[in-house]
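Q: Enclosed is the structure file input_11.cif (mmCIF, C-alpha atoms).
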```cif
data_start
loop_
_atom_site.label_atom_id
_atom_site.label_comp_id
_atom_site.auth_asym_id
_atom_site.auth_seq_id
_atom_site.Cartn_x
_atom_site.Cartn_y
_atom_site.Cartn_z
CA MET A 1 -13.52 -34.28 -11.13
CA THR A 2 -15.94 -33.77 -8.25
CA ILE A 3 -15.88 -33.90 -4.47
CA THR A 4 -17.68 -37.27 -4.73
CA ASP A 5 -14.78 -38.67 -6.77
CA VAL A 6 -12.34 -37.49 -4.10
CA ALA A 7 -14.41 -39.09 -1.33
CA ARG A 8 -14.63 -42.39 -3.24
CA HIS A 9 -10.88 -42.39 -3.97
CA ALA A 10 -10.00 -41.62 -0.33
CA GLY A 11 -12.56 -44.10 1.03
CA VAL A 12 -14.27 -41.45 3.17
CA SER A 13 -17.58 -39.61 3.14
CA VAL A 14 -18.31 -36.51 1.06
CA ALA A 15 -18.89 -34.66 4.35
CA ALA A 16 -15.37 -35.55 5.48
CA VAL A 17 -13.86 -34.17 2.26
CA SER A 18 -15.93 -31.01 2.67
CA LYS A 19 -14.60 -30.54 6.20
CA VAL A 20 -11.02 -30.84 5.00
CA LEU A 21 -11.63 -28.36 2.19
CA ARG A 22 -13.18 -25.90 4.64
CA ASN A 23 -10.37 -26.46 7.15
CA ALA A 24 -13.14 -27.20 9.66
CA TYR A 25 -12.51 -27.91 13.31
CA GLY A 26 -12.33 -31.55 14.44
CA VAL A 27 -10.69 -33.17 11.41
CA SER A 28 -8.02 -35.66 12.48
CA PRO A 29 -4.51 -35.41 11.00
CA ALA A 30 -4.90 -38.88 9.49
CA MET A 31 -8.17 -37.96 7.79
CA ARG A 32 -6.71 -34.69 6.50
CA GLU A 33 -3.66 -36.48 5.10
CA LYS A 34 -5.82 -39.13 3.40
CA VAL A 35 -8.10 -36.58 1.75
CA GLN A 36 -5.24 -34.29 0.68
CA ALA A 37 -3.44 -37.26 -0.87
CA ALA A 38 -6.57 -38.12 -2.87
CA ILE A 39 -6.94 -34.49 -3.99
CA ALA A 40 -3.31 -34.43 -5.16
CA GLU A 41 -3.56 -37.79 -6.97
CA LEU A 42 -6.77 -36.82 -8.78
CA GLY A 43 -5.77 -33.20 -9.47
CA TYR A 44 -9.03 -31.99 -7.93
CA ARG A 45 -9.64 -28.23 -7.67
CA PRO A 46 -12.69 -26.86 -5.82
CA HIS A 47 -14.90 -24.66 -7.97
CA ALA A 48 -14.61 -21.13 -6.57
CA ALA A 49 -18.17 -20.08 -7.39
CA ALA A 50 -19.59 -23.22 -5.82
CA ARG A 51 -17.52 -22.70 -2.71
CA GLY A 52 -18.84 -19.13 -2.58
CA LEU A 53 -22.40 -20.39 -2.50
CA ARG A 54 -21.54 -22.55 0.52
CA GLY A 55 -19.47 -19.91 2.33
CA ARG A 56 -15.93 -18.79 1.58
CA THR A 57 -14.18 -18.61 -1.77
CA TYR A 58 -10.72 -18.33 -0.15
CA THR A 59 -9.89 -15.36 -2.35
CA ILE A 60 -8.68 -11.94 -1.21
CA GLY A 61 -9.00 -8.90 -3.48
CA VAL A 62 -6.33 -6.19 -3.41
CA LEU A 63 -6.97 -2.75 -4.94
CA LEU A 64 -4.09 -0.54 -6.06
CA ASP A 65 -3.86 2.38 -8.44
CA ASN A 66 -0.49 1.95 -10.11
CA VAL A 67 1.44 -1.26 -10.79
CA ARG A 68 4.58 0.80 -11.48
CA ASN A 69 4.81 2.00 -7.89
CA ALA A 70 7.50 -0.23 -6.37
CA PHE A 71 6.15 0.38 -2.86
CA PHE A 72 3.00 -1.52 -3.76
CA ALA A 73 5.20 -4.49 -4.69
CA ASP A 74 6.59 -4.43 -1.14
CA ILE A 75 3.06 -4.42 0.29
CA LEU A 76 1.99 -7.26 -2.02
CA ASP A 77 5.04 -9.30 -1.00
CA GLY A 78 3.99 -8.90 2.63
CA ILE A 79 0.43 -9.98 1.85
CA ARG A 80 1.65 -12.98 -0.12
CA ASP A 81 4.12 -14.09 2.53
CA GLU A 82 1.51 -13.84 5.29
CA LEU A 83 -0.94 -15.98 3.30
CA ARG A 84 1.65 -18.37 1.85
CA ASP A 85 0.75 -21.33 4.09
CA SER A 86 -3.00 -20.72 3.95
CA GLU A 87 -5.66 -21.64 1.41
CA TYR A 88 -6.23 -18.02 0.42
CA THR A 89 -5.40 -16.73 -3.05
CA VAL A 90 -4.73 -13.04 -3.77
CA LEU A 91 -6.30 -11.39 -6.81
CA ILE A 92 -5.13 -7.89 -7.78
CA GLY A 93 -7.30 -5.10 -9.16
CA ALA A 94 -5.06 -2.46 -10.77
CA ALA A 95 -7.56 0.34 -11.30
CA GLY A 96 -5.50 3.43 -12.16
CA PHE A 97 -5.88 6.81 -10.48
CA ASP A 98 -9.46 7.60 -11.52
CA PRO A 99 -11.85 7.29 -8.51
CA GLU A 100 -14.69 5.94 -10.63
CA GLU A 101 -12.49 3.25 -12.15
CA GLN A 102 -11.36 2.29 -8.66
CA ALA A 103 -14.97 2.12 -7.46
CA LYS A 104 -15.84 -0.06 -10.46
CA THR A 105 -12.95 -2.40 -9.63
CA VAL A 106 -14.01 -2.66 -5.98
CA ARG A 107 -17.56 -3.56 -7.05
CA SER A 108 -16.17 -6.21 -9.40
CA LEU A 109 -14.12 -7.76 -6.61
CA VAL A 110 -17.19 -7.87 -4.38
CA ASP A 111 -19.34 -9.32 -7.19
CA ARG A 112 -16.80 -12.10 -7.59
CA GLN A 113 -17.41 -13.05 -3.95
CA MET A 114 -14.01 -12.19 -2.52
CA ASP A 115 -13.86 -13.16 1.15
CA GLY A 116 -12.20 -9.85 1.97
CA LEU A 117 -10.59 -6.75 0.47
CA ILE A 118 -7.35 -4.87 1.04
CA LEU A 119 -7.54 -1.35 -0.41
CA ILE A 120 -4.22 0.46 -0.82
CA ALA A 121 -4.75 4.23 -0.41
CA PRO A 122 -8.05 4.12 -2.33
CA GLY A 123 -9.26 7.16 -4.24
CA THR A 124 -12.75 5.66 -4.17
CA ALA A 125 -15.30 7.78 -2.32
CA ARG A 126 -15.13 7.11 1.42
CA ASP A 127 -18.90 6.56 1.63
CA GLU A 128 -18.63 3.73 -0.89
CA VAL A 129 -15.73 2.13 0.96
CA LEU A 130 -17.70 2.27 4.22
CA ALA A 131 -20.73 0.69 2.53
CA THR A 132 -18.55 -2.07 1.04
CA ALA A 133 -16.83 -2.73 4.37
CA ALA A 134 -20.19 -3.10 6.08
CA SER A 135 -20.80 -6.32 4.12
CA THR A 136 -17.29 -7.47 3.10
CA PRO A 137 -14.35 -7.56 5.55
CA THR A 138 -12.02 -4.76 4.48
CA VAL A 139 -8.63 -3.35 5.44
CA VAL A 140 -7.64 0.13 4.23
CA ILE A 141 -3.90 0.81 3.94
CA GLY A 142 -2.69 4.41 4.07
CA HIS A 143 -5.70 6.52 5.00
CA HIS A 144 -5.75 7.81 8.57
CA ASP A 145 -9.56 8.20 8.74
CA THR A 146 -10.91 5.88 11.41
CA ALA A 147 -14.10 3.83 10.99
CA ASP A 148 -16.05 1.18 12.84
CA THR A 149 -16.55 -0.89 9.69
CA HIS A 150 -13.01 -1.43 8.38
CA ASP A 151 -9.53 -2.07 9.77
CA SER A 152 -6.66 0.32 9.00
CA VAL A 153 -2.91 0.06 8.56
CA VAL A 154 -1.15 3.41 8.38
CA ASP A 155 2.29 4.97 8.58
CA ALA A 156 2.97 7.89 10.94
CA ASP A 157 3.42 10.11 7.87
CA ASP A 158 3.66 13.34 9.87
CA ILE A 159 6.61 11.90 11.80
CA GLY A 160 8.17 10.71 8.54
CA ALA A 161 7.97 14.21 7.07
CA GLY A 162 9.51 15.64 10.22
CA LEU A 163 12.45 13.23 9.95
CA VAL A 164 13.15 14.47 6.42
CA VAL A 165 12.91 18.16 7.28
CA ASP A 166 15.13 17.70 10.35
CA HIS A 167 17.73 15.91 8.23
CA LEU A 168 17.75 18.53 5.46
CA VAL A 169 17.81 21.47 7.87
CA GLY A 170 20.68 19.79 9.69
CA LEU A 171 22.59 19.79 6.40
CA GLY A 172 21.99 23.53 6.04
CA HIS A 173 18.95 23.64 3.72
CA ARG A 174 16.23 26.27 4.07
CA ASP A 175 14.47 26.19 0.69
CA ILE A 176 12.89 22.75 1.02
CA ALA A 177 9.97 21.82 -1.24
CA LEU A 178 7.49 18.99 -0.87
CA VAL A 179 6.09 17.09 -3.85
CA SER A 180 2.92 15.29 -2.80
CA ALA A 181 -0.12 13.77 -4.45
CA GLN A 182 -3.35 15.75 -4.20
CA GLY A 183 -4.64 13.25 -1.67
CA THR A 184 -8.24 14.26 -1.23
CA THR A 185 -11.09 15.93 -3.07
CA LYS A 186 -14.58 17.07 -2.17
CA ALA A 187 -15.91 14.07 -4.07
CA ASN A 188 -13.99 11.28 -2.30
CA ARG A 189 -14.46 12.73 1.21
CA TRP A 190 -11.35 11.20 2.75
CA LYS A 191 -10.26 13.72 5.39
CA ARG A 192 -6.95 12.12 6.40
CA PRO A 193 -5.27 10.48 3.39
CA PRO A 194 -1.51 9.90 3.77
CA GLU A 195 -0.68 12.90 1.57
CA THR A 196 -2.59 15.24 3.87
CA VAL A 197 -0.86 13.91 6.99
CA LEU A 198 2.52 14.06 5.23
CA THR A 199 1.91 17.70 4.27
CA GLU A 200 0.85 18.59 7.79
CA GLY A 201 4.05 17.05 9.13
CA TYR A 202 6.17 18.93 6.59
CA LEU A 203 4.53 22.29 7.36
CA ALA A 204 4.77 21.75 11.13
CA ALA A 205 8.46 20.76 10.92
CA MET A 206 9.31 23.73 8.72
CA GLU A 207 7.57 26.05 11.19
CA THR A 208 9.43 24.46 14.10
CA HIS A 209 12.70 25.34 12.37
CA GLY A 210 11.52 28.91 11.69
CA LEU A 211 11.13 28.23 7.97
CA ALA A 212 7.38 28.72 7.53
CA GLY A 213 8.07 31.38 4.89
CA HIS A 214 10.10 28.91 2.82
CA THR A 215 7.44 26.21 2.43
CA ARG A 216 6.42 25.03 -1.03
CA VAL A 217 3.97 22.20 -1.69
CA HIS A 218 3.70 21.00 -5.28
CA HIS A 219 0.97 18.49 -6.11
CA ALA A 220 1.79 15.72 -8.58
CA ALA A 221 0.82 12.12 -9.24
CA TYR A 222 2.99 9.48 -7.61
CA SER A 223 4.51 8.29 -10.86
CA ASP A 224 7.73 8.84 -12.79
CA GLU A 225 5.95 11.24 -15.14
CA GLY A 226 4.30 13.08 -12.25
CA GLY A 227 7.66 13.53 -10.57
CA PHE A 228 9.30 14.62 -13.82
CA LYS A 229 6.71 17.35 -14.42
CA ALA A 230 6.98 18.52 -10.79
CA GLY A 231 10.78 18.60 -11.08
CA MET A 232 10.72 20.63 -14.29
CA SER A 233 8.36 23.15 -12.70
CA LEU A 234 10.23 23.52 -9.40
CA LEU A 235 13.76 23.46 -10.78
CA THR A 236 13.10 26.09 -13.46
CA ALA A 237 11.42 28.51 -11.02
CA GLU A 238 12.96 31.93 -10.38
CA ARG A 239 14.25 30.64 -7.04
CA PRO A 240 14.41 26.85 -7.18
CA PRO A 241 14.58 24.86 -3.95
CA THR A 242 17.90 23.46 -2.81
CA ALA A 243 16.17 20.31 -1.58
CA VAL A 244 13.02 18.40 -2.55
CA MET A 245 11.22 15.73 -0.57
CA THR A 246 8.57 13.57 -2.19
CA GLY A 247 5.80 11.34 -0.91
CA ALA A 248 6.95 8.37 -3.00
CA ASP A 249 10.24 7.04 -4.37
CA VAL A 250 8.75 6.68 -7.83
CA ALA A 251 8.06 10.43 -7.95
CA ALA A 252 11.57 11.17 -6.66
CA LEU A 253 13.01 9.22 -9.59
CA GLY A 254 11.00 11.44 -11.94
CA ILE A 255 12.53 14.50 -10.29
CA TYR A 256 15.94 12.86 -10.62
CA ARG A 257 15.30 12.59 -14.38
CA ALA A 258 14.20 16.25 -14.59
CA ALA A 259 17.35 17.38 -12.77
CA HIS A 260 19.51 15.36 -15.16
CA GLU A 261 17.76 16.91 -18.17
CA LEU A 262 18.39 20.39 -16.75
CA GLY A 263 22.06 19.65 -16.20
CA LEU A 264 21.77 19.57 -12.40
CA ARG A 265 23.70 17.10 -10.29
CA ILE A 266 22.38 15.29 -7.23
CA PRO A 267 23.31 16.02 -4.48
CA ASP A 268 25.71 18.80 -5.57
CA ASP A 269 22.99 21.06 -6.99
CA LEU A 270 19.90 19.48 -5.43
CA SER A 271 19.28 17.24 -2.44
CA LEU A 272 16.49 14.73 -3.08
CA VAL A 273 14.55 12.56 -0.64
CA GLY A 274 11.99 9.86 -1.42
CA TYR A 275 9.40 8.03 0.64
CA ASN A 276 8.82 4.26 0.97
CA ASN A 277 12.46 3.11 0.76
CA THR A 278 11.75 0.73 -2.12
CA ALA A 279 14.40 -1.43 -3.75
CA LEU A 280 14.85 1.31 -6.37
CA ALA A 281 16.16 3.70 -3.72
CA ALA A 282 19.14 1.46 -2.99
CA LEU A 283 20.25 1.05 -6.62
CA ALA A 284 23.88 2.08 -7.03
CA PRO A 285 23.34 4.92 -9.58
CA VAL A 286 20.50 6.40 -7.47
CA GLN A 287 21.33 5.88 -3.78
CA LEU A 288 18.21 7.80 -2.78
CA THR A 289 17.73 8.95 0.80
CA SER A 290 14.24 7.74 1.69
CA VAL A 291 11.79 7.19 4.52
CA ASP A 292 11.23 3.52 5.27
CA GLN A 293 7.63 2.80 6.26
CA ALA A 294 8.00 -0.98 6.26
CA GLY A 295 5.89 -1.85 3.22
CA HIS A 296 6.33 -5.60 3.65
CA THR A 297 5.23 -5.38 7.28
CA MET A 298 2.25 -3.21 6.32
CA GLY A 299 1.11 -5.82 3.80
CA ALA A 300 1.61 -8.75 6.18
CA THR A 301 -0.21 -6.92 8.96
CA ALA A 302 -3.13 -6.04 6.68
CA ALA A 303 -3.45 -9.68 5.55
CA ARG A 304 -3.34 -10.97 9.12
CA MET A 305 -5.97 -8.45 10.29
CA LEU A 306 -8.20 -9.27 7.34
CA ILE A 307 -8.14 -13.04 7.92
CA GLU A 308 -9.03 -12.46 11.57
CA ARG A 309 -12.19 -10.69 10.42
CA VAL A 310 -12.96 -13.17 7.63
CA GLU A 311 -12.70 -16.13 9.99
CA GLY A 312 -14.72 -14.45 12.73
CA ARG A 313 -11.90 -14.27 15.28
CA ARG A 314 -12.46 -10.55 15.79
CA ASP A 315 -15.45 -8.29 15.19
CA ARG A 316 -14.10 -4.89 16.24
CA ALA A 317 -12.21 -2.56 13.92
CA MET A 318 -8.48 -2.16 14.57
CA ARG A 319 -5.85 0.32 13.48
CA THR A 320 -2.13 -0.43 13.32
CA THR A 321 0.44 2.35 12.87
CA MET A 322 3.95 1.83 11.48
CA THR A 323 6.82 3.95 12.82
CA PRO A 324 8.90 5.40 9.97
CA ARG A 325 12.68 5.69 9.91
CA LEU A 326 14.94 7.72 7.65
CA VAL A 327 17.50 5.82 5.56
CA VAL A 328 20.24 8.27 4.54
CA ARG A 329 22.08 7.61 1.27
CA ARG A 330 24.05 9.72 -1.21
CA SER A 331 21.22 11.87 -2.65
CA THR A 332 21.41 14.45 0.15
CA ALA A 333 24.22 16.84 1.09
CA GLY A 334 24.68 20.42 2.21
CA PRO A 335 23.43 23.14 -0.19
CA ARG A 336 25.79 24.87 -2.58
CA ALA A 337 26.28 28.55 -1.78
CA ARG A 338 24.22 30.85 -4.01
#
```
Taking this structure as input, can you express it in the form of structure tokens?
A:
Amino acid sequence: MTITDVARHAGVSVAAVSKVLRNAYGVSPAMREKVQAAIAELGYRPHAAARGLRGRTYTIGVLLDNVRNAFFADILDGIRDELRDSEYTVLIGAAGFDPEEQAKTVRSLVDRQMDGLILIAPGTARDEVLATAASTPTVVIGHHDTADTHDSVVDADDIGAGLVVDHLVGLGHRDIALVSAQGTTKANRWKRPPETVLTEGYLAAMETHGLAGHTRVHHAAYSDEGGFKAGMSLLTAERPPTAVMTGADVAALGIYRAAHELGLRIPDDLSLVGYNNTALAALAPVQLTSVDQAGHTMGATAARMLIERVEGRRDRAMRTTMTPRLVVRRSTAGPRAR
């Protein structure tokens, strides 16, 4: 089935069908309805590669490192809902944690003529992201590094960390540990990934409360296994913390599993706080206190900003910052006397 068949069936010109497919300005409602009816009756689907040669492919590529991170599902839901009534289709590149694999996935998305990219906390080298964004509209979610070439959607992670520390100190905790991803390396050259800003907020809040000597930062992957290993290390130390905050709910659940294996009860023996406030945090057996950074809103905002750039409605880079809030549940309580 070709565009010529659609035009013949609708009784209009090929140019008119092309305008409808491109959502071009100046198409009358009656013409649009006639062409769309013909497309539906004939089951016509535009060939993506051919559309790419003429302009847009109406595809958006999304890069993420871990499909098991429930927070990414919230972001993807936001992206999907924002684009629901548009012609754009979302294609996901799940690249894992390795920076080279992520870079390879980004190149593949570009090679497949995506109209734009949304990169969720990419581990890809910053130089490569900047080079990609110079030719393909790009939104980076998570990283606080500013750039003239790409848009950014971030959470005020330092404020989020402060909310957690304030809450735990208010309950009487002093030995508060942070479990965070590594965040940055010399190779990827991101100076302000979310993990770095989160750690800065944690250290500053601890110092404000006079607890600088009690700080502990443990680096671990944001995964159940990463959290489990971090939990086993921290909770078997000579002086284990009475409270642990993590940079992701999925890591907090790993710590929850480690505590259970060690015979520790939450919150009686350990207060535990996550980050992202995913659906997992609200599950009845878990009831995890967590920082809500509005994942759905982040995704919807990123999609909206990207389409503005793709469709030429804006040519200057923008940055949008989400304000976090602490959602207190049953995983935190005052420390048991030692």
Q: Evaluate the PyMOL selection byres ((chain A and resi 323-325) around 12) on the structure here and hand back the selected residues as number ranges by chain.
A: A: 153-164, 167, 198, 275-277, 289-295, 297-298, 320-322, 326-328
Q: Find the distance between atom CA of A:Ile39 and atom CA of A:Ile3 and write it in Å to one decimal.
A: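 These two atoms are separated by 9.0 Å.
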Q: Excluding A:Arg309 and its own-chain neighbours fewer than 6 positions away, which residues fall within 9 Å of it when counting all atoms listed in the file? Please give them as a PyMOL selection string.
A: chain A and resi 116+137-138+315-317
Q: In terms of the shortest atom-to-atom distance over only C-alpha atoms, which of A:Val20, A:Leu171, A:Leu211, A:Val197 is closest to A:Ala333?
A: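 Ranked by minimum distance to A:Ala333, first place goes to A:Leu171.
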Q: Would you translate the PyMOL selection byres ((chain A and resi 192) around 10) into the concrete set of residues it matches in this file, as a list in words?
A: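 So the PyMOL selection byres ((chain A and resi 192) around 10), applied here, picks out Gly142, His143, His144, Asp145, Thr146, Gly183, Thr184, Arg189, Trp190, Lys191, Pro193, Pro194, Glu195, Thr196, Val197 and Leu198 of chain A.
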Q: Translate the PyMOL selection byres ((chain A and resi 118) around 8) into a concrete residue list for this structure, as a PyMOL selection string.
A: chain A and resi 60-63+116-117+119-120+138-141+302-303+306
Q: Looking at all atoms listed in the file, which of A:Leu253, A:Ala7, A:Ala133, A:Val110 is the one that sits closest to A:Val286?
A: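 Among the listed residues, A:Leu253 lies closest to A:Val286.
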Q: Between atom CA of A:Gly172 and atom CA of A:Glu238, what distance in Å does the model show, to one decimal?
A: 20.5 Å
Q: Could you jot down the atom CA of A:Leu21 to atom CA of A:Val35 separation for me, Å, one decimal place?
A: 9.0 Å
